[in-house]
$ cat query.cif   # mmCIF, C-alpha atoms and all ligand atoms
data_my_file
loop_
_atom_site.label_atom_id
_atom_site.label_comp_id
_atom_site.auth_asym_id
_atom_site.auth_seq_id
_atom_site.Cartn_x
_atom_site.Cartn_y
_atom_site.Cartn_z
CA MET H 38 100.22 109.62 132.86
CA ASP H 39 100.91 105.92 133.00
CA HIS H 40 100.89 103.07 135.47
CA PHE H 41 104.61 102.29 135.52
CA LEU H 42 105.73 103.67 138.86
CA TYR H 43 108.29 102.91 141.53
CA ARG H 44 107.09 101.37 144.76
CA ASP H 45 109.43 100.56 147.61
CA GLY H 46 112.43 100.98 145.34
CA ALA H 47 111.20 98.76 142.49
CA LEU H 48 109.50 99.54 139.19
CA TYR H 49 105.99 98.17 138.87
CA ALA H 50 103.57 97.74 136.00
CA GLU H 51 100.30 98.50 137.79
CA ASP H 52 100.47 96.13 140.80
CA VAL H 53 103.06 93.75 139.39
CA PRO H 54 106.80 94.17 139.98
CA ILE H 55 108.69 94.23 136.68
CA SER H 56 111.30 91.95 138.21
CA GLU H 57 108.62 89.31 138.80
CA ILE H 58 107.68 89.32 135.11
CA ALA H 59 111.36 89.19 134.14
CA ALA H 60 111.85 86.15 136.37
CA ALA H 61 108.85 84.44 134.76
CA VAL H 62 109.43 85.19 131.08
CA GLY H 63 113.12 86.11 130.79
CA THR H 64 114.44 89.25 129.13
CA PRO H 65 114.00 91.16 126.92
CA PHE H 66 110.22 91.56 126.78
CA TYR H 67 107.48 94.10 126.20
CA VAL H 68 104.97 94.79 128.94
CA TYR H 69 101.72 96.74 128.55
CA SER H 70 99.41 98.22 131.16
CA THR H 71 95.69 97.68 130.69
CA ALA H 72 94.78 100.66 132.89
CA THR H 73 96.98 102.96 130.80
CA LEU H 74 95.57 101.70 127.49
CA LEU H 75 92.04 102.24 128.73
CA ARG H 76 92.82 105.60 130.24
CA HIS H 77 94.23 106.87 126.94
CA PHE H 78 91.33 105.51 124.92
CA LYS H 79 88.89 107.19 127.28
CA LEU H 80 90.68 110.54 127.00
CA PHE H 81 89.87 110.59 123.29
CA ASP H 82 86.39 109.20 123.73
CA ASP H 83 85.59 111.85 126.35
CA ALA H 84 87.20 114.60 124.27
CA LEU H 85 84.60 114.00 121.55
CA GLU H 86 81.66 113.68 123.91
CA GLY H 87 78.56 115.40 122.60
CA THR H 88 79.54 114.66 118.99
CA GLU H 89 78.64 111.44 117.23
CA HIS H 90 82.02 109.73 116.97
CA LEU H 91 84.09 106.57 116.88
CA VAL H 92 87.67 106.30 118.09
CA CYS H 93 89.29 103.82 115.70
CA TYR H 94 92.55 102.70 117.30
CA ALA H 95 95.34 102.64 114.69
CA MET H 96 96.35 99.08 115.44
CA LYS H 97 99.62 99.38 113.54
CA ALA H 98 100.94 100.93 116.77
CA ALA H 99 100.56 97.71 118.78
CA SER H 100 98.46 94.97 117.33
CA ASN H 101 98.49 92.09 119.77
CA GLN H 102 94.97 90.69 119.95
CA ALA H 103 94.89 91.05 123.72
CA ILE H 104 95.44 94.80 123.29
CA LEU H 105 92.81 94.99 120.56
CA LYS H 106 90.33 93.11 122.70
CA THR H 107 90.99 95.34 125.69
CA LEU H 108 90.25 98.44 123.62
CA ALA H 109 87.38 96.94 121.65
CA GLN H 110 85.63 95.96 124.87
CA ALA H 111 85.83 99.62 125.90
CA GLY H 112 84.11 100.59 122.65
CA ALA H 113 86.99 101.27 120.26
CA GLY H 114 86.83 100.64 116.55
CA MET H 115 89.98 99.80 114.61
CA ASP H 116 91.92 101.46 111.83
CA VAL H 117 93.65 98.78 109.74
CA VAL H 118 96.11 99.06 106.86
CA SER H 119 96.39 95.52 105.55
CA ALA H 120 94.40 92.32 105.20
CA GLY H 121 96.54 90.92 108.00
CA GLU H 122 95.50 93.69 110.35
CA TYR H 123 91.88 93.35 109.23
CA LEU H 124 91.86 89.61 109.98
CA ARG H 125 93.66 90.15 113.27
CA ALA H 126 91.04 92.71 114.35
CA LYS H 127 88.28 90.29 113.38
CA ALA H 128 90.03 87.48 115.27
CA ALA H 129 90.07 89.74 118.34
CA GLY H 130 86.30 90.07 118.04
CA VAL H 131 86.00 93.50 116.43
CA PRO H 132 82.93 93.64 114.19
CA GLY H 133 83.46 94.68 110.56
CA ASP H 134 81.27 97.74 110.94
CA LYS H 135 83.79 99.15 113.42
CA ILE H 136 86.82 98.62 111.17
CA VAL H 137 88.06 101.29 108.78
CA PHE H 138 90.55 100.34 106.09
CA SER H 139 93.34 102.87 105.46
CA GLY H 140 96.64 102.38 103.65
CA VAL H 141 98.23 103.64 100.48
CA GLY H 142 97.93 100.59 98.25
CA LYS H 143 95.16 98.15 99.03
CA THR H 144 95.30 95.14 96.72
CA ALA H 145 92.22 93.60 95.13
CA ASP H 146 92.63 90.59 97.44
CA GLU H 147 92.74 92.80 100.52
CA ILE H 148 89.67 94.70 99.36
CA ARG H 149 87.88 91.39 98.75
CA THR H 150 88.78 90.16 102.24
CA ALA H 151 87.31 93.29 103.83
CA LEU H 152 84.20 93.44 101.68
CA THR H 153 83.48 89.79 102.36
CA GLY H 154 83.97 90.10 106.11
CA GLY H 155 82.27 93.49 106.46
CA ILE H 156 83.83 96.92 106.65
CA ARG H 157 82.84 100.31 108.00
CA GLN H 158 84.56 102.16 105.17
CA PHE H 159 87.59 102.26 102.92
CA ASN H 160 89.69 105.40 103.05
CA VAL H 161 90.57 105.63 99.36
CA GLU H 162 94.09 106.82 98.63
CA SER H 163 94.15 107.20 94.85
CA GLU H 164 91.97 107.13 91.74
CA PRO H 165 93.25 103.76 90.50
CA GLU H 166 92.56 102.26 93.93
CA MET H 167 89.03 103.68 93.79
CA GLU H 168 88.44 101.91 90.48
CA VAL H 169 89.63 98.60 91.93
CA ILE H 170 87.39 98.92 95.01
CA ASN H 171 84.47 99.58 92.68
CA ALA H 172 85.31 96.57 90.52
CA VAL H 173 85.67 94.21 93.50
CA ALA H 174 82.41 95.48 95.02
CA LEU H 175 80.56 94.88 91.75
CA GLU H 176 82.08 91.42 91.46
CA LEU H 177 80.81 90.59 94.97
CA GLY H 178 77.47 92.31 94.44
CA VAL H 179 77.92 94.74 97.33
CA ILE H 180 78.36 98.47 97.72
CA ALA H 181 81.62 99.68 99.25
CA PRO H 182 81.33 102.67 101.60
CA ILE H 183 84.21 105.06 100.98
CA THR H 184 85.82 108.30 101.99
CA VAL H 185 88.62 109.79 99.91
CA ARG H 186 91.81 110.73 101.70
CA VAL H 187 92.73 114.24 100.75
CA ASN H 188 96.21 115.64 101.06
CA PRO H 189 95.81 119.15 102.45
CA ASP H 190 99.42 120.19 101.82
CA VAL H 191 100.20 121.29 105.36
CA ASP H 192 103.46 120.94 107.21
CA ALA H 193 102.93 118.63 110.18
CA LYS H 194 106.24 119.78 111.71
CA THR H 195 107.29 116.29 112.64
CA HIS H 196 110.08 113.89 111.66
CA ALA H 197 110.33 113.67 107.85
CA LYS H 198 109.82 109.90 107.88
CA ILE H 199 106.41 110.23 109.55
CA ALA H 200 105.03 113.41 107.94
CA THR H 201 102.30 112.61 105.42
CA GLY H 202 100.32 115.76 104.69
CA LYS H 203 102.56 117.64 102.27
CA SER H 204 101.93 117.54 98.54
CA GLU H 205 105.29 115.85 98.00
CA ASN H 206 104.22 112.88 100.17
CA LYS H 207 102.69 109.78 98.60
CA PHE H 208 99.44 110.01 100.57
CA GLY H 209 95.93 110.87 99.45
CA ILE H 210 94.76 112.93 96.50
CA PRO H 211 95.58 116.64 96.20
CA ILE H 212 92.79 118.58 97.85
CA ALA H 213 92.60 120.83 94.79
CA ARG H 214 91.48 117.84 92.71
CA ALA H 215 88.85 116.65 95.16
CA SER H 216 85.79 117.82 93.20
CA GLU H 217 86.86 115.86 90.16
CA VAL H 218 87.68 112.71 92.13
CA TYR H 219 84.44 112.83 94.12
CA ALA H 220 82.45 113.27 90.91
CA ARG H 221 84.09 110.16 89.51
CA ALA H 222 83.45 108.25 92.76
CA ALA H 223 79.77 109.20 92.68
CA SER H 224 79.49 107.84 89.16
CA LEU H 225 80.78 104.38 90.12
CA PRO H 226 77.93 102.02 91.00
CA GLY H 227 79.95 99.87 93.42
CA LEU H 228 80.79 102.80 95.68
CA GLU H 229 78.91 104.90 98.16
CA VAL H 230 80.63 108.15 99.04
CA ILE H 231 80.09 108.89 102.71
CA GLY H 232 82.76 111.33 103.73
CA ILE H 233 86.27 112.72 103.73
CA ASP H 234 89.47 111.36 105.25
CA VAL H 235 92.64 113.19 106.21
CA HIS H 236 95.78 112.22 108.15
CA ILE H 237 98.76 114.55 108.12
CA GLY H 238 101.42 112.73 110.10
CA SER H 239 102.44 111.21 113.38
CA GLN H 240 103.94 112.53 116.62
CA LEU H 241 102.54 116.02 116.10
CA THR H 242 103.37 118.20 119.06
CA GLU H 243 101.36 121.28 118.11
CA LEU H 244 97.72 121.79 117.24
CA GLU H 245 98.32 124.32 114.50
CA PRO H 246 98.92 121.84 111.64
CA PHE H 247 95.72 119.99 112.63
CA GLU H 248 93.86 123.29 112.65
CA MET H 249 95.08 124.15 109.17
CA ALA H 250 94.18 120.73 107.82
CA TYR H 251 90.77 120.54 109.48
CA THR H 252 89.87 124.04 108.32
CA LYS H 253 90.60 122.95 104.76
CA VAL H 254 88.52 119.82 105.30
CA ALA H 255 85.59 121.93 106.56
CA GLU H 256 85.72 124.08 103.42
CA LEU H 257 85.94 121.01 101.26
CA ALA H 258 82.97 119.35 102.98
CA GLU H 259 80.79 122.36 102.24
CA ARG H 260 81.96 122.48 98.65
CA LEU H 261 81.35 118.78 98.10
CA ARG H 262 77.92 119.06 99.67
CA SER H 263 77.08 121.91 97.31
CA GLU H 264 78.16 119.63 94.49
CA GLY H 265 75.60 117.08 95.62
CA HIS H 266 77.63 114.66 97.76
CA ASN H 267 76.16 113.46 101.01
CA ILE H 268 79.18 114.12 103.21
CA ARG H 269 78.25 112.80 106.63
CA ARG H 270 81.41 111.30 108.11
CA LEU H 271 84.85 112.84 108.62
CA ASP H 272 87.82 110.63 109.39
CA LEU H 273 90.49 112.89 110.84
CA GLY H 274 93.35 110.40 111.11
CA GLY H 275 95.68 110.02 114.05
CA GLY H 276 98.91 111.73 114.89
CA LEU H 277 98.60 113.44 118.25
CA GLY H 278 102.05 113.22 119.82
CA ILE H 279 103.09 111.91 123.21
CA PRO H 280 105.67 113.11 125.72
CA TYR H 281 108.76 110.96 125.17
CA THR H 282 110.61 112.63 127.99
CA ARG H 283 109.16 113.03 131.43
CA SER H 284 110.63 116.47 131.84
CA ASN H 285 110.29 118.94 129.08
CA ASP H 286 107.92 118.13 126.28
CA ALA H 287 104.19 118.47 126.68
CA PRO H 288 102.20 117.96 123.49
CA PRO H 289 98.59 119.13 123.44
CA LEU H 290 96.13 116.99 125.35
CA PRO H 291 93.34 114.96 123.73
CA VAL H 292 90.79 117.30 125.33
CA GLU H 293 92.38 120.27 123.54
CA TYR H 294 92.51 118.27 120.32
CA GLY H 295 88.82 117.38 120.73
CA ALA H 296 87.94 121.03 121.29
CA LEU H 297 89.79 121.95 118.10
CA ILE H 298 87.83 119.33 116.17
CA LYS H 299 84.57 120.69 117.47
CA LYS H 300 85.64 124.24 116.71
CA THR H 301 86.76 123.62 113.14
CA LEU H 302 84.25 120.97 112.09
CA GLY H 303 81.39 120.89 114.59
CA HIS H 304 79.09 123.10 112.50
CA LEU H 305 78.97 120.45 109.76
CA GLY H 306 77.06 117.98 111.91
CA CYS H 307 79.15 115.08 110.63
CA GLU H 308 80.01 111.92 112.50
CA ILE H 309 83.67 112.16 113.53
CA GLU H 310 86.21 109.36 113.39
CA ILE H 311 89.74 109.63 114.70
CA GLU H 312 92.56 107.09 114.37
CA PRO H 313 94.98 107.55 117.26
CA GLY H 314 97.65 104.89 117.68
CA ARG H 315 100.69 106.23 119.46
CA LEU H 316 98.85 108.18 122.13
CA ILE H 317 96.85 105.12 123.16
CA ALA H 318 99.64 102.55 123.18
CA GLY H 319 102.93 104.49 123.41
CA ASN H 320 103.11 105.25 127.09
CA ALA H 321 101.18 102.09 127.92
CA GLY H 322 104.20 99.90 127.18
CA LEU H 323 107.79 99.34 128.26
CA MET H 324 110.54 97.27 126.78
CA VAL H 325 112.47 95.63 129.57
CA SER H 326 116.01 94.49 128.96
CA LYS H 327 118.98 93.27 130.97
CA VAL H 328 122.49 94.64 131.08
CA ILE H 329 124.74 91.80 129.96
CA TYR H 330 128.06 93.61 130.11
CA VAL H 331 129.41 96.94 131.22
CA LYS H 332 132.36 97.72 129.00
CA SER H 333 134.81 100.53 129.58
CA GLY H 334 135.70 102.22 126.33
CA GLU H 335 138.45 104.74 125.76
CA ASP H 336 136.37 107.77 126.65
CA ARG H 337 133.05 106.31 127.76
CA ASP H 338 131.36 103.30 129.27
CA PHE H 339 128.96 101.11 127.33
CA LEU H 340 125.97 99.30 128.70
CA ILE H 341 125.56 96.28 126.46
CA LEU H 342 122.01 94.97 126.67
CA ASP H 343 120.30 91.74 125.71
CA GLY H 344 117.77 93.85 123.74
CA ALA H 345 118.78 95.22 120.36
CA MET H 346 117.70 97.30 117.39
CA ASN H 347 115.67 94.39 116.05
CA ASP H 348 113.54 94.52 119.21
CA LEU H 349 113.07 98.32 119.28
CA ILE H 350 114.05 99.97 116.01
CA ARG H 351 112.86 103.53 116.72
CA PRO H 352 116.19 105.00 117.92
CA ALA H 353 118.04 103.57 114.90
CA MET H 354 115.34 104.47 112.42
CA TYR H 355 114.10 107.88 113.56
CA GLU H 356 116.80 109.00 115.99
CA ALA H 357 114.00 108.61 118.50
CA HIS H 358 114.53 109.31 122.17
CA HIS H 359 113.20 106.84 124.75
CA ASP H 360 113.62 107.51 128.44
CA ILE H 361 115.52 104.59 129.96
CA VAL H 362 115.19 103.84 133.64
CA ALA H 363 116.67 101.35 136.06
CA VAL H 364 114.14 98.82 137.31
CA ASN H 365 115.68 99.08 140.79
CA GLU H 366 115.02 102.67 141.78
CA PRO H 367 118.26 104.57 142.23
CA MET H 368 118.95 105.70 145.81
CA PRO H 369 118.19 109.37 146.30
CA GLY H 370 121.24 111.49 145.60
CA VAL H 371 123.14 108.72 143.82
CA GLU H 372 125.55 110.17 141.30
CA GLN H 373 124.56 109.46 137.72
CA ARG H 374 127.12 108.83 135.01
CA PRO H 375 126.91 108.91 131.22
CA TYR H 376 126.67 105.63 129.34
CA ASP H 377 126.26 104.70 125.70
CA ILE H 378 123.44 102.18 125.80
CA VAL H 379 123.74 99.65 123.02
CA GLY H 380 122.52 96.28 121.80
CA PRO H 381 124.68 93.34 120.74
CA VAL H 382 124.05 93.60 116.98
CA CYS H 383 127.14 94.25 114.86
CA GLU H 384 126.36 97.70 113.56
CA SER H 385 126.84 101.07 115.13
CA GLY H 386 123.18 101.87 114.46
CA ASP H 387 122.37 99.41 117.22
CA THR H 388 122.65 102.22 119.72
CA PHE H 389 119.71 103.20 121.90
CA ALA H 390 121.24 106.25 123.52
CA LYS H 391 124.53 108.07 123.66
CA GLU H 392 125.97 109.60 126.83
CA ARG H 393 122.77 108.95 128.70
CA ASN H 394 122.98 109.74 132.40
CA MET H 395 122.08 106.67 134.43
CA PRO H 396 122.76 105.49 137.95
CA PRO H 397 125.73 103.11 138.13
CA LEU H 398 124.65 99.77 136.64
CA GLU H 399 126.11 96.30 136.61
CA ALA H 400 125.74 93.16 134.56
CA GLY H 401 122.46 91.51 135.45
CA ASP H 402 120.60 94.76 136.21
CA LEU H 403 117.24 95.33 134.54
CA ILE H 404 116.41 98.50 132.71
CA ALA H 405 113.20 99.66 131.05
CA PHE H 406 112.63 101.71 127.91
CA ARG H 407 109.65 103.94 128.48
CA SER H 408 107.14 104.96 125.79
CA ALA H 409 107.83 101.73 123.89
CA GLY H 410 104.25 100.50 123.63
CA ALA H 411 103.64 102.01 120.20
CA TYR H 412 105.71 101.06 117.17
CA GLY H 413 107.84 98.81 119.37
CA ALA H 414 106.93 95.12 119.17
CA VAL H 415 105.14 95.60 115.86
CA MET H 416 108.29 96.89 114.17
CA SER H 417 110.57 94.21 115.56
CA SER H 418 112.28 91.62 113.42
CA GLU H 419 114.36 88.48 113.74
CA TYR H 420 117.49 90.14 112.40
CA ASN H 421 120.54 88.16 113.50
CA THR H 422 118.16 85.21 114.12
CA ARG H 423 117.17 86.84 117.36
CA PRO H 424 113.73 85.56 118.39
CA LEU H 425 110.89 88.08 118.60
CA ILE H 426 110.61 88.98 122.25
CA PRO H 427 107.54 88.12 124.31
CA GLU H 428 104.70 90.50 125.02
CA VAL H 429 103.06 90.60 128.44
CA LEU H 430 99.84 92.32 129.47
CA VAL H 431 99.29 93.45 133.04
CA ASN H 432 95.87 94.08 134.52
CA GLY H 433 95.93 95.12 138.18
CA ASP H 434 97.82 92.42 140.02
CA GLN H 435 97.62 89.87 137.20
CA PHE H 436 99.80 89.41 134.20
CA ALA H 437 99.69 87.15 131.18
CA VAL H 438 102.05 86.37 128.35
CA ILE H 439 100.16 87.51 125.25
CA ARG H 440 102.83 86.44 122.78
CA GLU H 441 105.38 83.77 123.61
CA ARG H 442 109.03 83.92 122.72
CA PRO H 443 109.45 81.46 119.85
CA SER H 444 111.98 78.69 120.20
CA PHE H 445 115.03 78.57 117.96
CA ASP H 446 113.62 75.42 116.36
CA GLU H 447 110.41 77.24 115.40
CA ILE H 448 112.41 79.97 113.73
CA ILE H 449 114.90 77.72 112.00
CA ASN H 450 112.28 75.24 110.81
CA ARG H 451 110.42 77.94 108.91
CA ASP H 452 113.10 77.76 106.22
CA THR H 453 112.64 75.14 103.55
CA ILE H 454 115.53 73.70 101.58
CA PRO H 455 115.06 73.31 97.81
CA SER H 456 115.31 69.81 96.35
CA TRP H 457 118.59 70.52 94.56
CA LEU H 458 120.49 71.06 97.79
N1 LIG S 501 96.03 106.80 110.60
C1 LIG S 501 96.87 106.67 109.55
C2 LIG S 501 96.33 106.70 108.20
C3 LIG S 501 98.24 106.52 109.76
O1 LIG S 501 99.06 106.40 108.73
C4 LIG S 501 98.75 106.50 111.09
C5 LIG S 501 100.17 106.32 111.35
C6 LIG S 501 97.83 106.62 112.15
C7 LIG S 501 96.49 106.78 111.87
C8 LIG S 501 98.26 106.60 113.59
O2 LIG S 501 99.08 107.68 113.91
P1 LIG S 501 99.52 107.93 115.41
O3 LIG S 501 98.30 108.35 116.19
O4 LIG S 501 100.08 106.65 115.93
O5 LIG S 501 100.54 108.98 115.33
N2 LIG S 501 106.62 103.98 113.01
C9 LIG S 501 106.58 105.40 113.28
C10 LIG S 501 105.19 105.96 113.20
C11 LIG S 501 104.49 105.70 111.88
C12 LIG S 501 103.10 106.24 111.80
C13 LIG S 501 102.44 105.82 110.56
N3 LIG S 501 101.05 106.18 110.44
C14 LIG S 501 107.23 105.67 114.64
O6 LIG S 501 107.69 104.73 115.28
O7 LIG S 501 107.32 106.82 115.05
#

$ encode --input "query.cif" --output "structure tokens" --more "lines below"
Ligand code: LLP
Amino acid sequence: MDHFLYRDGALYAEDVPISEIAAAVGTPFYVYSTATLLRHFKLFDDALEGTEHLVCYAMKAASNQAILKTLAQAGAGMDVVSAGEYLRAKAAGVPGDKIVFSGVGKTADEIRTALTGGIRQFNVESEPEMEVINAVALELGVIAPITVRVNPDVDAKTHAKIATGKSENKFGIPIARASEVYARAASLPGLEVIGIDVHIGSQLTELEPFEMAYTKVAELAERLRSEGHNIRRLDLGGGLGIPYTRSNDAPPLPVEYGALIKKTLGHLGCEIEIEPGRLIAGNAGLMVSKVIYVKSGEDRDFLILDGAMNDLIRPAMYEAHHDIVAVNEPMPGVEQRPYDIVGPVCESGDTFAKERNMPPLEAGDLIAFRSAGAYGAVMSSEYNTRPLIPEVLVNGDQFAVIRERPSFDEIINRDTIPSWL
């Protein structure tokens, strides 16, 4: 459920007409709904009620500080994967003891940044990384709290580019080697082993892979405890999928996911951390774009938009489906027709949808990409020297620009010309 609904024939974000935002900021732009962000955070928080837990929002999904602040004020921690994300979370007011540091290759500088500013834990991804965290901690005279990310070798049954829990993937250490790696961790004086971390992939639409992974984690926790490790925190990653179409897909709900966590891991009495990103931000954001031309091709019509693959890369990169709706609600019974919906960039990959049924549209009409709140703005680029598009946050009947569209001068002046030219 989200708060982007039609009222009197026009699409609204909460109590603000999308067309009003478009008039104020120009198109294309991203718009997020505060009520939807909070609702999704609360679904997870409630799902783990009765268990000591922290929902650490995976801020890679949408990292604008206004979004971080909205969630942090509701009690969220953050899952970060770079020094940049760490500093951004801190800038948004998130305390270090609510920030977990994930990511496959943390550099010594990144580790230093987090240890200096305060960190809840590092999720260690490899033995060499563990040695570097130890060395940096010793250099700073602190102890780094760690979990080790284990790779449970389960099939997450999701798109290959976002599956992470198979042994062939680059993530974590093989679960079979965990005893050895934990023994080494325990011997390093700069580290304190506090738990286990696992994350098997993103956009999971079934619970079964989670169940397989968490069952393996439960067995591992008992084994590591019997080997003398004080396993008291389990970080279970993110990955619960969202419905990308309004009609036919219905991934499991956070409450079912929470029940599974309690069932598979509850008996251990550990503090639980989860790192959802997509489910919190995905359906809390739209990308709004304008039709600039309607072009009749040989066998189809094209809607050419002012938004492009650089603004929303998911269709080009993952063949992802986003529902696309007209901002002016189509009249009941209006006949839809198939369009190829494309951006203006000169490559065929700049196609958002093929033969998508839409009401008849004309140049100047606004359309909205649903489910664009996660992995939308954060993955955008300035390809073709197209400025990053603005982000807007709505809260009830108010809205604010939370990232401005840069001017062409700002973009162009970032280049520096060497002295020999
Ligand atoms: N924790 C870790 C360690 C992760 O690697 C990820 C996502 C998450 C949490 C959050 O997963 P979520 O709840 O959002 O599924 N750009 C891709 C998705 C990449 C996900 C990467 N890792 C997309 O647009 O589909």

$ atom_distance --input "query.cif" --atom1 "CA of Ile448 in chain H" --atom2 "CA of Asn101 in chain H"
19.4 Å

$ residues_near_ligand --input "query.cif" --ligand "ligand LIG 501 (chain S)" --cutoff "6 Å" --atoms "all atoms listed in the file" --output "ChimeraX atom specification"
/H:95,98,139,199,236,239-240,274-277,312-316,351,412

$ residues_around --input "query.cif" --residues "Phe138 in chain H" --least-positions-apart "6" --cutoff "8 Å" --atoms "all atoms listed in the file" --output "list in words"
Asp116, Val117, Val118, Ser119, Tyr123, Ile156, Arg157, Gln158, Phe159 and Asn160 of chain H

$ residues_around --input "query.cif" --residues "range 330-335 of chain H" --least-positions-apart "3" --cutoff "9 Å" --atoms "only C-alpha atoms" --output "PyMOL selection string"
chain H and resi 338-342+398-401

$ atom_distance --input "query.cif" --atom1 "CA of Ala255 in chain H" --atom2 "CA of Leu305 in chain H"
7.5 Å

$ atom_distance --input "query.cif" --atom1 "CA of Met416 in chain H" --atom2 "CA of Leu241 in chain H"
20.1 Å

$ closest_residue --input "query.cif" --among "H:Asp83, H:Asp146, H:Glu217, H:Asp377" --to "Glu264 in chain H" --atoms "only C-alpha atoms"
H:Glu217

$ residues_around --input "query.cif" --residues "Pro246 in chain H" --least-positions-apart "5" --cutoff "8 Å" --atoms "all atoms listed in the file" --output "PyMOL selection string"
chain H and resi 191-194

$ closest_residue --input "query.cif" --among "H:Pro54, H:Gly306, H:Pro189, H:Gly227" --to "Val254 in chain H" --atoms "all atoms listed in the file"
H:Pro189

$ closest_residue --input "query.cif" --among "H:Ala197, H:Ser385, H:Ile350, H:Arg393" --to "Arg337 in chain H" --atoms "all atoms listed in the file"
H:Arg393

$ residues_around --input "query.cif" --residues "Ile170 in chain H" --least-positions-apart "6" --cutoff "9 Å" --atoms "all atoms listed in the file" --output "count of residues only"
10
